[in-house]
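Asks: Below you'll find the structure I mean.
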Amino acid sequence: MAEAAEIRRREADWDFIMSQPPEIARALIHLIETGDLLASARLASMNPVEFDYLRVRARIVYDI
């Protein structure tokens with residue numbers, strides 16, 4: 001699990017993540033640390049499909 005988080009951290013577009021509103025940035029970081037897309041979408045107050053679009057833009061690796 002820690003190895004997956006390290007890969008997500010390394011591959012993520014941190015400039016994009018940090019340019020987001022604080023609530024969205026926190027949710028994207030939560031996704032990087034936990035890999036939990038549904039909980040991260042809830043933190044961002046977004047539906048999972050919309051949040052997944054941001055995940056792709058932030059280059060956060062995620063496989064279902």
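For the structure tokens, the naming scheme is as follows: chains receive sequential letters (A, B, ...) according to their order of presentation, residues are indexed from 1 within each chain, and ligands are indexed from 1 in presentation order.
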Which parts of chain A does DSSP call alpha helix (DSSP H) when run on the backbone here, written out as an mmCIF file with all heavy atoms, in the first residue's frame?
Replies:
data_model
loop_
_atom_site.group_PDB
_atom_site.id
_atom_site.type_symbol
_atom_site.label_atom_id
_atom_site.label_comp_id
_atom_site.auth_asym_id
_atom_site.auth_seq_id
_atom_site.Cartn_x
_atom_site.Cartn_y
_atom_site.Cartn_z
ATOM 1 N N ALA A 2 1.894 1.286 0.824
ATOM 2 C CA ALA A 2 2.778 2.449 0.882
ATOM 3 C C ALA A 2 3.511 2.630 -0.452
ATOM 4 O O ALA A 2 3.760 3.752 -0.877
ATOM 5 C CB ALA A 2 3.779 2.292 2.023
ATOM 6 N N GLU A 3 3.808 1.511 -1.109
ATOM 7 C CA GLU A 3 4.488 1.585 -2.409
ATOM 8 C C GLU A 3 3.576 2.241 -3.447
ATOM 9 O O GLU A 3 4.029 3.065 -4.240
ATOM 10 C CB GLU A 3 4.878 0.180 -2.866
ATOM 11 C CG GLU A 3 5.660 0.161 -4.151
ATOM 12 C CD GLU A 3 6.044 -1.243 -4.562
ATOM 13 O OE1 GLU A 3 6.361 -2.068 -3.689
ATOM 14 O OE2 GLU A 3 6.020 -1.502 -5.779
ATOM 15 N N ALA A 4 2.291 1.910 -3.423
ATOM 16 C CA ALA A 4 1.337 2.507 -4.363
ATOM 17 C C ALA A 4 1.224 4.012 -4.109
ATOM 18 O O ALA A 4 1.188 4.808 -5.052
ATOM 19 C CB ALA A 4 -0.025 1.833 -4.235
ATOM 20 N N ALA A 5 1.171 4.405 -2.844
ATOM 21 C CA ALA A 5 1.091 5.834 -2.512
ATOM 22 C C ALA A 5 2.339 6.560 -2.994
ATOM 23 O O ALA A 5 2.253 7.684 -3.505
ATOM 24 C CB ALA A 5 0.903 6.025 -1.006
ATOM 25 N N GLU A 6 3.490 5.926 -2.872
ATOM 26 C CA GLU A 6 4.740 6.548 -3.328
ATOM 27 C C GLU A 6 4.719 6.758 -4.843
ATOM 28 O O GLU A 6 5.132 7.806 -5.332
ATOM 29 C CB GLU A 6 5.941 5.686 -2.928
ATOM 30 C CG GLU A 6 7.273 6.249 -3.372
ATOM 31 C CD GLU A 6 7.521 7.680 -2.919
ATOM 32 O OE1 GLU A 6 7.151 8.032 -1.779
ATOM 33 O OE2 GLU A 6 8.077 8.469 -3.709
ATOM 34 N N ILE A 7 4.198 5.784 -5.575
ATOM 35 C CA ILE A 7 4.091 5.919 -7.032
ATOM 36 C C ILE A 7 3.140 7.060 -7.373
ATOM 37 O O ILE A 7 3.438 7.893 -8.230
ATOM 38 C CB ILE A 7 3.630 4.599 -7.674
ATOM 39 C CG1 ILE A 7 4.742 3.547 -7.540
ATOM 40 C CG2 ILE A 7 3.248 4.804 -9.144
ATOM 41 C CD1 ILE A 7 4.302 2.143 -7.870
ATOM 42 N N ARG A 8 1.993 7.113 -6.687
ATOM 43 C CA ARG A 8 1.038 8.200 -6.939
ATOM 44 C C ARG A 8 1.663 9.554 -6.630
ATOM 45 O O ARG A 8 1.481 10.509 -7.387
ATOM 46 C CB ARG A 8 -0.241 7.987 -6.108
ATOM 47 C CG ARG A 8 -1.102 6.848 -6.619
ATOM 48 C CD ARG A 8 -2.455 6.801 -5.947
ATOM 49 N NE ARG A 8 -2.397 6.505 -4.533
ATOM 50 C CZ ARG A 8 -2.485 5.295 -4.000
ATOM 51 N NH1 ARG A 8 -2.651 4.234 -4.784
ATOM 52 N NH2 ARG A 8 -2.427 5.122 -2.694
ATOM 53 N N ARG A 9 2.414 9.645 -5.514
ATOM 54 C CA ARG A 9 3.085 10.907 -5.157
ATOM 55 C C ARG A 9 4.064 11.338 -6.234
ATOM 56 O O ARG A 9 4.122 12.505 -6.618
ATOM 57 C CB ARG A 9 3.859 10.741 -3.842
ATOM 58 C CG ARG A 9 3.090 11.122 -2.632
ATOM 59 C CD ARG A 9 3.980 11.075 -1.393
ATOM 60 N NE ARG A 9 3.285 10.267 -0.416
ATOM 61 C CZ ARG A 9 3.631 9.056 -0.022
ATOM 62 N NH1 ARG A 9 4.734 8.494 -0.457
ATOM 63 N NH2 ARG A 9 2.890 8.410 0.840
ATOM 64 N N ARG A 10 4.864 10.396 -6.697
ATOM 65 C CA ARG A 10 5.922 10.691 -7.665
ATOM 66 C C ARG A 10 5.347 11.103 -9.023
ATOM 67 O O ARG A 10 5.884 11.992 -9.681
ATOM 68 C CB ARG A 10 6.822 9.460 -7.809
ATOM 69 C CG ARG A 10 8.036 9.682 -8.654
ATOM 70 C CD ARG A 10 8.977 8.492 -8.689
ATOM 71 N NE ARG A 10 8.317 7.261 -9.065
ATOM 72 C CZ ARG A 10 8.248 6.168 -8.296
ATOM 73 N NH1 ARG A 10 8.812 6.153 -7.100
ATOM 74 N NH2 ARG A 10 7.629 5.087 -8.706
ATOM 75 N N GLU A 11 4.267 10.477 -9.456
ATOM 76 C CA GLU A 11 3.715 10.718 -10.790
ATOM 77 C C GLU A 11 2.753 11.908 -10.852
ATOM 78 O O GLU A 11 2.472 12.406 -11.933
ATOM 79 C CB GLU A 11 2.988 9.456 -11.281
ATOM 80 C CG GLU A 11 3.877 8.243 -11.427
ATOM 81 C CD GLU A 11 4.961 8.416 -12.476
ATOM 82 O OE1 GLU A 11 4.685 9.034 -13.525
ATOM 83 O OE2 GLU A 11 6.084 7.942 -12.234
ATOM 84 N N TRP A 14 1.876 18.058 -9.228
ATOM 85 C CA TRP A 14 1.704 18.841 -7.999
ATOM 86 C C TRP A 14 1.367 20.294 -8.285
ATOM 87 O O TRP A 14 0.645 20.925 -7.514
ATOM 88 C CB TRP A 14 2.948 18.704 -7.111
ATOM 89 C CG TRP A 14 2.968 17.345 -6.481
ATOM 90 C CD1 TRP A 14 3.661 16.255 -6.909
ATOM 91 C CD2 TRP A 14 2.211 16.927 -5.340
ATOM 92 N NE1 TRP A 14 3.376 15.178 -6.095
ATOM 93 C CE2 TRP A 14 2.501 15.570 -5.126
ATOM 94 C CE3 TRP A 14 1.313 17.569 -4.490
ATOM 95 C CZ2 TRP A 14 1.923 14.839 -4.090
ATOM 96 C CZ3 TRP A 14 0.744 16.845 -3.452
ATOM 97 C CH2 TRP A 14 1.042 15.497 -3.258
ATOM 98 N N ASP A 15 1.850 20.843 -9.380
ATOM 99 C CA ASP A 15 1.492 22.225 -9.725
ATOM 100 C C ASP A 15 -0.009 22.337 -9.958
ATOM 101 O O ASP A 15 -0.656 23.271 -9.487
ATOM 102 C CB ASP A 15 2.260 22.714 -10.961
ATOM 103 C CG ASP A 15 3.742 22.910 -10.678
ATOM 104 O OD1 ASP A 15 4.100 23.176 -9.503
ATOM 105 O OD2 ASP A 15 4.539 22.796 -11.626
ATOM 106 N N PHE A 16 -0.567 21.367 -10.692
ATOM 107 C CA PHE A 16 -2.013 21.368 -10.938
ATOM 108 C C PHE A 16 -2.773 21.189 -9.618
ATOM 109 O O PHE A 16 -3.729 21.914 -9.343
ATOM 110 C CB PHE A 16 -2.399 20.256 -11.922
ATOM 111 C CG PHE A 16 -3.887 20.140 -12.107
ATOM 112 C CD1 PHE A 16 -4.568 21.017 -12.923
ATOM 113 C CD2 PHE A 16 -4.602 19.157 -11.446
ATOM 114 C CE1 PHE A 16 -5.950 20.931 -13.083
ATOM 115 C CE2 PHE A 16 -5.976 19.055 -11.586
ATOM 116 C CZ PHE A 16 -6.659 19.945 -12.407
ATOM 117 N N ILE A 17 -2.349 20.233 -8.815
ATOM 118 C CA ILE A 17 -3.040 19.949 -7.546
ATOM 119 C C ILE A 17 -3.060 21.186 -6.657
ATOM 120 O O ILE A 17 -4.109 21.576 -6.135
ATOM 121 C CB ILE A 17 -2.374 18.759 -6.822
ATOM 122 C CG1 ILE A 17 -2.603 17.475 -7.627
ATOM 123 C CG2 ILE A 17 -2.913 18.622 -5.386
ATOM 124 C CD1 ILE A 17 -1.754 16.300 -7.192
ATOM 125 N N MET A 18 -1.926 21.835 -6.508
ATOM 126 C CA MET A 18 -1.845 22.980 -5.604
ATOM 127 C C MET A 18 -2.514 24.226 -6.178
ATOM 128 O O MET A 18 -2.777 25.174 -5.437
ATOM 129 C CB MET A 18 -0.392 23.255 -5.232
ATOM 130 C CG MET A 18 0.290 22.076 -4.529
ATOM 131 S SD MET A 18 -0.688 21.309 -3.211
ATOM 132 C CE MET A 18 -0.603 22.558 -1.963
ATOM 133 N N PRO A 22 -8.655 24.952 -2.104
ATOM 134 C CA PRO A 22 -8.161 24.131 -0.992
ATOM 135 C C PRO A 22 -8.922 22.823 -0.766
ATOM 136 O O PRO A 22 -8.295 21.781 -0.535
ATOM 137 C CB PRO A 22 -8.288 25.051 0.227
ATOM 138 C CG PRO A 22 -8.213 26.419 -0.352
ATOM 139 C CD PRO A 22 -8.849 26.345 -1.714
ATOM 140 N N GLU A 23 -10.237 22.853 -0.862
ATOM 141 C CA GLU A 23 -11.033 21.631 -0.635
ATOM 142 C C GLU A 23 -10.706 20.566 -1.690
ATOM 143 O O GLU A 23 -10.584 19.379 -1.363
ATOM 144 C CB GLU A 23 -12.518 21.981 -0.681
ATOM 145 C CG GLU A 23 -13.440 20.823 -0.403
ATOM 146 C CD GLU A 23 -14.892 21.256 -0.419
ATOM 147 O OE1 GLU A 23 -15.359 21.840 0.571
ATOM 148 O OE2 GLU A 23 -15.559 21.007 -1.447
ATOM 149 N N ILE A 24 -10.543 20.978 -2.927
ATOM 150 C CA ILE A 24 -10.225 20.047 -4.019
ATOM 151 C C ILE A 24 -8.790 19.534 -3.863
ATOM 152 O O ILE A 24 -8.533 18.335 -4.015
ATOM 153 C CB ILE A 24 -10.397 20.728 -5.397
ATOM 154 C CG1 ILE A 24 -11.813 21.276 -5.565
ATOM 155 C CG2 ILE A 24 -10.026 19.778 -6.527
ATOM 156 C CD1 ILE A 24 -12.911 20.263 -5.587
ATOM 157 N N ALA A 25 -7.861 20.433 -3.552
ATOM 158 C CA ALA A 25 -6.466 20.023 -3.363
ATOM 159 C C ALA A 25 -6.361 19.003 -2.234
ATOM 160 O O ALA A 25 -5.666 17.987 -2.376
ATOM 161 C CB ALA A 25 -5.586 21.233 -3.075
ATOM 162 N N ARG A 26 -7.053 19.244 -1.120
ATOM 163 C CA ARG A 26 -7.033 18.287 -0.003
ATOM 164 C C ARG A 26 -7.572 16.931 -0.432
ATOM 165 O O ARG A 26 -7.024 15.885 -0.063
ATOM 166 C CB ARG A 26 -7.845 18.805 1.178
ATOM 167 C CG ARG A 26 -7.104 19.776 2.063
ATOM 168 C CD ARG A 26 -7.830 20.020 3.379
ATOM 169 N NE ARG A 26 -9.153 20.606 3.192
ATOM 170 C CZ ARG A 26 -9.389 21.906 3.069
ATOM 171 N NH1 ARG A 26 -8.393 22.769 3.116
ATOM 172 N NH2 ARG A 26 -10.616 22.351 2.899
ATOM 173 N N ALA A 27 -8.638 16.941 -1.223
ATOM 174 C CA ALA A 27 -9.226 15.681 -1.676
ATOM 175 C C ALA A 27 -8.279 14.941 -2.621
ATOM 176 O O ALA A 27 -8.152 13.714 -2.541
ATOM 177 C CB ALA A 27 -10.563 15.945 -2.353
ATOM 178 N N LEU A 28 -7.607 15.666 -3.517
ATOM 179 C CA LEU A 28 -6.646 15.023 -4.417
ATOM 180 C C LEU A 28 -5.472 14.440 -3.632
ATOM 181 O O LEU A 28 -5.002 13.335 -3.931
ATOM 182 C CB LEU A 28 -6.162 16.022 -5.474
ATOM 183 C CG LEU A 28 -7.199 16.413 -6.539
ATOM 184 C CD1 LEU A 28 -6.729 17.622 -7.328
ATOM 185 C CD2 LEU A 28 -7.504 15.242 -7.458
ATOM 186 N N ILE A 29 -5.004 15.154 -2.623
ATOM 187 C CA ILE A 29 -3.911 14.638 -1.785
ATOM 188 C C ILE A 29 -4.387 13.405 -1.012
ATOM 189 O O ILE A 29 -3.653 12.423 -0.870
ATOM 190 C CB ILE A 29 -3.384 15.743 -0.851
ATOM 191 C CG1 ILE A 29 -2.681 16.810 -1.688
ATOM 192 C CG2 ILE A 29 -2.448 15.164 0.213
ATOM 193 C CD1 ILE A 29 -2.360 18.101 -0.950
ATOM 194 N N HIS A 30 -5.626 13.440 -0.543
ATOM 195 C CA HIS A 30 -6.198 12.269 0.143
ATOM 196 C C HIS A 30 -6.192 11.069 -0.799
ATOM 197 O O HIS A 30 -5.849 9.954 -0.392
ATOM 198 C CB HIS A 30 -7.620 12.589 0.619
ATOM 199 C CG HIS A 30 -8.257 11.476 1.372
ATOM 200 N ND1 HIS A 30 -9.042 10.529 0.759
ATOM 201 C CD2 HIS A 30 -8.217 11.150 2.685
ATOM 202 C CE1 HIS A 30 -9.467 9.673 1.659
ATOM 203 N NE2 HIS A 30 -8.978 10.029 2.847
ATOM 204 N N LEU A 31 -6.553 11.299 -2.056
ATOM 205 C CA LEU A 31 -6.536 10.208 -3.036
ATOM 206 C C LEU A 31 -5.123 9.667 -3.215
ATOM 207 O O LEU A 31 -4.927 8.450 -3.267
ATOM 208 C CB LEU A 31 -7.095 10.690 -4.375
ATOM 209 C CG LEU A 31 -7.064 9.674 -5.514
ATOM 210 C CD1 LEU A 31 -7.856 8.419 -5.163
ATOM 211 C CD2 LEU A 31 -7.583 10.303 -6.792
ATOM 212 N N ILE A 32 -4.152 10.546 -3.297
ATOM 213 C CA ILE A 32 -2.760 10.106 -3.440
ATOM 214 C C ILE A 32 -2.353 9.238 -2.253
ATOM 215 O O ILE A 32 -1.747 8.185 -2.423
ATOM 216 C CB ILE A 32 -1.818 11.319 -3.571
ATOM 217 C CG1 ILE A 32 -2.010 11.982 -4.929
ATOM 218 C CG2 ILE A 32 -0.350 10.910 -3.372
ATOM 219 C CD1 ILE A 32 -1.343 13.332 -5.070
ATOM 220 N N GLU A 33 -2.701 9.672 -1.057
ATOM 221 C CA GLU A 33 -2.265 8.959 0.154
ATOM 222 C C GLU A 33 -3.020 7.655 0.400
ATOM 223 O O GLU A 33 -2.441 6.702 0.903
ATOM 224 C CB GLU A 33 -2.397 9.877 1.372
ATOM 225 C CG GLU A 33 -1.494 11.096 1.311
ATOM 226 C CD GLU A 33 -0.011 10.750 1.159
ATOM 227 O OE1 GLU A 33 0.456 9.769 1.769
ATOM 228 O OE2 GLU A 33 0.688 11.465 0.421
ATOM 229 N N THR A 34 -4.315 7.615 0.034
ATOM 230 C CA THR A 34 -5.130 6.449 0.388
ATOM 231 C C THR A 34 -5.526 5.580 -0.797
ATOM 232 O O THR A 34 -5.811 4.397 -0.603
ATOM 233 C CB THR A 34 -6.429 6.886 1.089
ATOM 234 O OG1 THR A 34 -7.241 7.600 0.140
ATOM 235 C CG2 THR A 34 -6.143 7.742 2.306
ATOM 236 N N LEU A 37 -10.889 6.573 -4.112
ATOM 237 C CA LEU A 37 -11.514 7.560 -4.988
ATOM 238 C C LEU A 37 -12.862 8.036 -4.446
ATOM 239 O O LEU A 37 -13.155 9.219 -4.470
ATOM 240 C CB LEU A 37 -11.705 6.984 -6.393
ATOM 241 C CG LEU A 37 -12.239 8.000 -7.389
ATOM 242 C CD1 LEU A 37 -11.090 8.623 -8.162
ATOM 243 C CD2 LEU A 37 -13.232 7.390 -8.328
ATOM 244 N N LEU A 38 -13.678 7.120 -3.932
ATOM 245 C CA LEU A 38 -15.008 7.501 -3.460
ATOM 246 C C LEU A 38 -14.937 8.436 -2.254
ATOM 247 O O LEU A 38 -15.627 9.455 -2.207
ATOM 248 C CB LEU A 38 -15.844 6.265 -3.139
ATOM 249 C CG LEU A 38 -16.201 5.396 -4.345
ATOM 250 C CD1 LEU A 38 -16.973 4.159 -3.904
ATOM 251 C CD2 LEU A 38 -16.974 6.175 -5.387
ATOM 252 N N ALA A 39 -14.099 8.109 -1.287
ATOM 253 C CA ALA A 39 -13.957 8.968 -0.108
ATOM 254 C C ALA A 39 -13.365 10.323 -0.506
ATOM 255 O O ALA A 39 -13.781 11.357 0.013
ATOM 256 C CB ALA A 39 -13.081 8.297 0.954
ATOM 257 N N SER A 40 -12.434 10.319 -1.432
ATOM 258 C CA SER A 40 -11.820 11.569 -1.886
ATOM 259 C C SER A 40 -12.841 12.437 -2.603
ATOM 260 O O SER A 40 -12.871 13.656 -2.408
ATOM 261 C CB SER A 40 -10.629 11.271 -2.798
ATOM 262 O OG SER A 40 -9.641 10.535 -2.099
ATOM 263 N N ALA A 41 -13.693 11.829 -3.420
ATOM 264 C CA ALA A 41 -14.752 12.579 -4.109
ATOM 265 C C ALA A 41 -15.712 13.193 -3.087
ATOM 266 O O ALA A 41 -16.130 14.345 -3.244
ATOM 267 C CB ALA A 41 -15.502 11.667 -5.073
ATOM 268 N N ARG A 42 -16.037 12.438 -2.036
ATOM 269 C CA ARG A 42 -16.903 12.984 -0.982
ATOM 270 C C ARG A 42 -16.242 14.168 -0.295
ATOM 271 O O ARG A 42 -16.902 15.170 -0.015
ATOM 272 C CB ARG A 42 -17.251 11.899 0.047
ATOM 273 C CG ARG A 42 -18.379 10.986 -0.409
ATOM 274 C CD ARG A 42 -18.893 10.120 0.714
ATOM 275 N NE ARG A 42 -17.895 9.202 1.231
ATOM 276 C CZ ARG A 42 -17.675 7.983 0.775
ATOM 277 N NH1 ARG A 42 -18.394 7.501 -0.221
ATOM 278 N NH2 ARG A 42 -16.746 7.219 1.299
ATOM 279 N N LEU A 43 -14.940 14.075 -0.022
ATOM 280 C CA LEU A 43 -14.222 15.196 0.591
ATOM 281 C C LEU A 43 -14.290 16.449 -0.279
ATOM 282 O O LEU A 43 -14.342 17.566 0.233
ATOM 283 C CB LEU A 43 -12.748 14.845 0.824
ATOM 284 C CG LEU A 43 -12.430 13.926 1.990
ATOM 285 C CD1 LEU A 43 -10.960 13.541 1.963
ATOM 286 C CD2 LEU A 43 -12.785 14.596 3.301
ATOM 287 N N PRO A 48 -18.242 11.033 -8.066
ATOM 288 C CA PRO A 48 -17.001 10.316 -8.408
ATOM 289 C C PRO A 48 -16.563 10.472 -9.858
ATOM 290 O O PRO A 48 -15.364 10.517 -10.135
ATOM 291 C CB PRO A 48 -17.326 8.856 -8.087
ATOM 292 C CG PRO A 48 -18.399 8.945 -7.045
ATOM 293 C CD PRO A 48 -19.201 10.161 -7.401
ATOM 294 N N VAL A 49 -17.507 10.594 -10.786
ATOM 295 C CA VAL A 49 -17.135 10.741 -12.196
ATOM 296 C C VAL A 49 -16.436 12.079 -12.425
ATOM 297 O O VAL A 49 -15.399 12.148 -13.091
ATOM 298 C CB VAL A 49 -18.379 10.586 -13.107
ATOM 299 C CG1 VAL A 49 -18.029 10.893 -14.558
ATOM 300 C CG2 VAL A 49 -18.958 9.187 -12.971
ATOM 301 N N GLU A 50 -16.989 13.154 -11.861
ATOM 302 C CA GLU A 50 -16.359 14.472 -11.991
ATOM 303 C C GLU A 50 -14.986 14.484 -11.319
ATOM 304 O O GLU A 50 -14.025 15.034 -11.861
ATOM 305 C CB GLU A 50 -17.227 15.550 -11.352
ATOM 306 C CG GLU A 50 -18.511 15.824 -12.082
ATOM 307 C CD GLU A 50 -19.426 16.748 -11.306
ATOM 308 O OE1 GLU A 50 -19.390 16.758 -10.066
ATOM 309 O OE2 GLU A 50 -20.174 17.466 -11.975
ATOM 310 N N PHE A 51 -14.908 13.852 -10.142
ATOM 311 C CA PHE A 51 -13.633 13.826 -9.420
ATOM 312 C C PHE A 51 -12.596 13.016 -10.191
ATOM 313 O O PHE A 51 -11.413 13.372 -10.216
ATOM 314 C CB PHE A 51 -13.825 13.273 -8.008
ATOM 315 C CG PHE A 51 -12.598 13.417 -7.163
ATOM 316 C CD1 PHE A 51 -12.239 14.657 -6.650
ATOM 317 C CD2 PHE A 51 -11.789 12.331 -6.893
ATOM 318 C CE1 PHE A 51 -11.095 14.804 -5.892
ATOM 319 C CE2 PHE A 51 -10.643 12.471 -6.129
ATOM 320 C CZ PHE A 51 -10.299 13.708 -5.627
ATOM 321 N N ASP A 52 -13.033 11.938 -10.834
ATOM 322 C CA ASP A 52 -12.104 11.122 -11.612
ATOM 323 C C ASP A 52 -11.513 11.935 -12.766
ATOM 324 O O ASP A 52 -10.356 11.764 -13.123
ATOM 325 C CB ASP A 52 -12.791 9.861 -12.125
ATOM 326 C CG ASP A 52 -11.794 8.861 -12.666
ATOM 327 O OD1 ASP A 52 -10.807 8.546 -11.962
ATOM 328 O OD2 ASP A 52 -11.984 8.392 -13.798
ATOM 329 N N TYR A 53 -12.308 12.842 -13.346
ATOM 330 C CA TYR A 53 -11.798 13.726 -14.397
ATOM 331 C C TYR A 53 -10.638 14.570 -13.841
ATOM 332 O O TYR A 53 -9.603 14.727 -14.492
ATOM 333 C CB TYR A 53 -12.934 14.614 -14.922
ATOM 334 C CG TYR A 53 -12.461 15.671 -15.881
ATOM 335 C CD1 TYR A 53 -12.099 15.350 -17.192
ATOM 336 C CD2 TYR A 53 -12.357 17.004 -15.492
ATOM 337 C CE1 TYR A 53 -11.651 16.319 -18.076
ATOM 338 C CE2 TYR A 53 -11.914 17.976 -16.367
ATOM 339 C CZ TYR A 53 -11.562 17.630 -17.652
ATOM 340 O OH TYR A 53 -11.107 18.594 -18.517
ATOM 341 N N LEU A 54 -10.798 15.102 -12.629
ATOM 342 C CA LEU A 54 -9.707 15.869 -12.004
ATOM 343 C C LEU A 54 -8.511 14.977 -11.715
ATOM 344 O O LEU A 54 -7.368 15.404 -11.858
ATOM 345 C CB LEU A 54 -10.186 16.513 -10.695
ATOM 346 C CG LEU A 54 -11.028 17.759 -10.818
ATOM 347 C CD1 LEU A 54 -11.425 18.253 -9.436
ATOM 348 C CD2 LEU A 54 -10.286 18.854 -11.570
ATOM 349 N N ARG A 55 -8.768 13.732 -11.299
ATOM 350 C CA ARG A 55 -7.687 12.786 -11.039
ATOM 351 C C ARG A 55 -6.827 12.611 -12.285
ATOM 352 O O ARG A 55 -5.591 12.644 -12.209
ATOM 353 C CB ARG A 55 -8.247 11.425 -10.603
ATOM 354 C CG ARG A 55 -7.144 10.391 -10.390
ATOM 355 C CD ARG A 55 -7.677 8.985 -10.418
ATOM 356 N NE ARG A 55 -8.279 8.594 -11.672
ATOM 357 C CZ ARG A 55 -7.602 8.194 -12.748
ATOM 358 N NH1 ARG A 55 -6.287 8.177 -12.770
ATOM 359 N NH2 ARG A 55 -8.246 7.829 -13.839
ATOM 360 N N VAL A 56 -7.470 12.474 -13.427
ATOM 361 C CA VAL A 56 -6.728 12.308 -14.689
ATOM 362 C C VAL A 56 -5.915 13.560 -14.984
ATOM 363 O O VAL A 56 -4.740 13.480 -15.335
ATOM 364 C CB VAL A 56 -7.699 11.977 -15.848
ATOM 365 C CG1 VAL A 56 -6.985 12.026 -17.191
ATOM 366 C CG2 VAL A 56 -8.344 10.622 -15.625
ATOM 367 N N ARG A 57 -6.535 14.736 -14.827
ATOM 368 C CA ARG A 57 -5.812 15.999 -15.076
ATOM 369 C C ARG A 57 -4.633 16.169 -14.130
ATOM 370 O O ARG A 57 -3.616 16.768 -14.497
ATOM 371 C CB ARG A 57 -6.755 17.193 -14.932
ATOM 372 C CG ARG A 57 -7.808 17.158 -16.025
ATOM 373 C CD ARG A 57 -8.291 18.466 -16.542
ATOM 374 N NE ARG A 57 -7.340 19.530 -16.614
ATOM 375 C CZ ARG A 57 -7.605 20.791 -16.292
ATOM 376 N NH1 ARG A 57 -8.811 21.125 -15.859
ATOM 377 N NH2 ARG A 57 -6.700 21.727 -16.405
#
Asks: Nearest to Ile60 in chain A: which of A:Gln20, A:Gly35, A:Met1, A:Ala12 is it, counting only C-alpha atoms?
Replies: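 Comparing A:Gln20, A:Gly35, A:Met1, A:Ala12 against Ile60 in chain A, the winner is A:Ala12.
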